[in-house]
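Here is the structure we will look at.
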Amino acid sequence: ECLHLSSPTTNAARGYPPRDVENTMDAHILEQHEIFELLPTHGKVVTLDADLPMKHALAALASHGATCLPVWDSALQRFVDVFSCTDLVDIVLFAHRALAGAGAPPAAGAAAGDAQTALERCHLRDLHGLKRPRPAGFLMASVDDSMLHGALMLKQHALECLPIGDSACSSSLLHLLLPEQLLAFLATLPELRTSHGPLLEEPVGKALLPLCRQPQTVRRDASLLEALGLLSAERLHALPVLDASGALFDVLSSRDVRQLASNPATDLAIPLEEALRSLPPKDSRVQTCAISDTVATAITRLADPEAAQLVCLNDAGAVCAVVTASAVLAALLPSSPPHHG
């Protein structure tokens, strides 16, 4: 599954001078390491069949704490898709709209039980009817490829994850590489600090915000349906939730939808604030950074597996961006592979 971002806001629009395009990480740092080094010592890849009922796919995402799972087509005998939490947002809305009839707007008062039943009737093959933006074909990388190759694939195709096989055309998957895993590896490299200290010490506002979208937010008194609709329509990983004064109150992410969708009592018409109360404490879900924080600080925080994103706050405490591992990689990486002469 790929997430396509809109054109990044320029530095000038945010009040910063143009960013030096040469001030990126030396590609040779990642070129010297193979993707194989990122594979866990012990691990498994849970694979979903394309004909699996959606309720089982949802259960697999939730029980394994996964954000992405590959989809195998038994008829074609190959991998055909990746099912992600972002897709789950679309599926929940798809099921909700189905209750109102084909082409009809979502019924705000639909019963939670009916919505759950509609969701359970969906199959993974229904993903193909969602018209998701995605690259052609099933993209993979090999364990023998360099980390630079994997990082550039994640960046250039805006992938949520990169399937890794024993070859680039393998029918056997060994791992799903997430941008935050690659970022966590980078955080452990001493040469990144010694060779690229200036870039790492740049403020988030200058180095990262130009690569982030203008923030979309929602009020805490909005409905869960409104929030999910915004996540889906704007292809967002996370949506900051504001209180009546405009201050950050909470965050609703696509990952949170795993828990909301698996609860049969969840009604999309309920207030968003009520839905958020059913999630883990927000102290563990809401991670922030300031525009004055350094890139190094953002990398350290995003390297934490629990930090899916950072909500960036300006000096007045207002939300100015949602920073993801993908945005940090985009800031660090060159736009194309290095040329060897």
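As shown in the structure tokens, the chain order sets the letters A, B, ...; within each chain, residues go from 1, and ligands are also counted from 1 in the order they appear.
Excluding A:Arg125 itself and any same-chain residue fewer than 5 positions from it, the protein and nucleic acid residues within 10 Å of it, counting only C-alpha atoms, are A:Asp49, A:Ala50, A:Asp51, A:Leu52, A:Pro53, A:Met54, A:Val71, A:Asp73, A:Val80, A:Asp81, A:Leu130.
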Show me, as CSV, the residues of stretch 301-339 of chain A having an atom within 9 Å of stretch 234-257 of chain A, each with the closest atom pair and its distance in Å, using only C-alpha atoms.
```
residue,atom,partner,partner_atom,distance
A:Ala308,CA,A:Ser253,CA,8.4
A:Gln309,CA,A:Ala238,CA,7.6
A:Val311,CA,A:Pro240,CA,7.3
A:Leu313,CA,A:Leu248,CA,8.8
A:Gly317,CA,A:Ala247,CA,7.0
A:Ala318,CA,A:Ala247,CA,6.1
A:Val319,CA,A:Leu248,CA,6.9
A:Val322,CA,A:Ala238,CA,7.4
A:Thr324,CA,A:His237,CA,8.4
```
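Minimum distance to A:Leu211 across A:Ile270, A:Arg285, A:Ala307, A:Lys155 (counting only C-alpha atoms) occurs at A:Lys155.
A straight line drawn from atom CA of A:Ser223 to atom CA of A:Arg258 is 17.6 Å long.
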Q | Atom pair atom CA of A:Ala227 / atom CA of A:Glu274: separation (Å) | A | 12.5 Å
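If you count only C-alpha atoms and ignore residues fewer than 3 places along the chain from stretch 140-150 of chain A, what sits within 6 Å of it is Leu30, Glu31, His33, Glu34, Ile35, Phe36, Met153, Pro163, Ile164, Gly165, Asp166, Ser167 and Ala168 of chain A.
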Q) Contacts of stretch 66-70 of chain A at 8 Å or less, counting only C-alpha atoms, minus same-chain residues fewer than 3 places along, as a VMD selection string? A) chain A and resid 45 to 48 60 to 63 79 to 85 160 to 161 163 176 255
Q: Just list the residues in stretch 166-309 of chain A DSSP gives alpha helix (DSSP H) on the backbone, as a VMD selection string.
A: chain A and resid 179 to 187 190 to 195 197 to 200 204 to 207 224 to 233 256 to 262 272 to 277 282 to 285 295 to 302
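Of note, atom CA of A:Ser278 and atom CA of A:Leu260 are spaced 7.8 Å apart.
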**Q.** Which of stretch 235-265 of chain A DSSP labels strand (DSSP E), written as a PyMOL selection string
**A.** chain A and resi 238-242+248-253
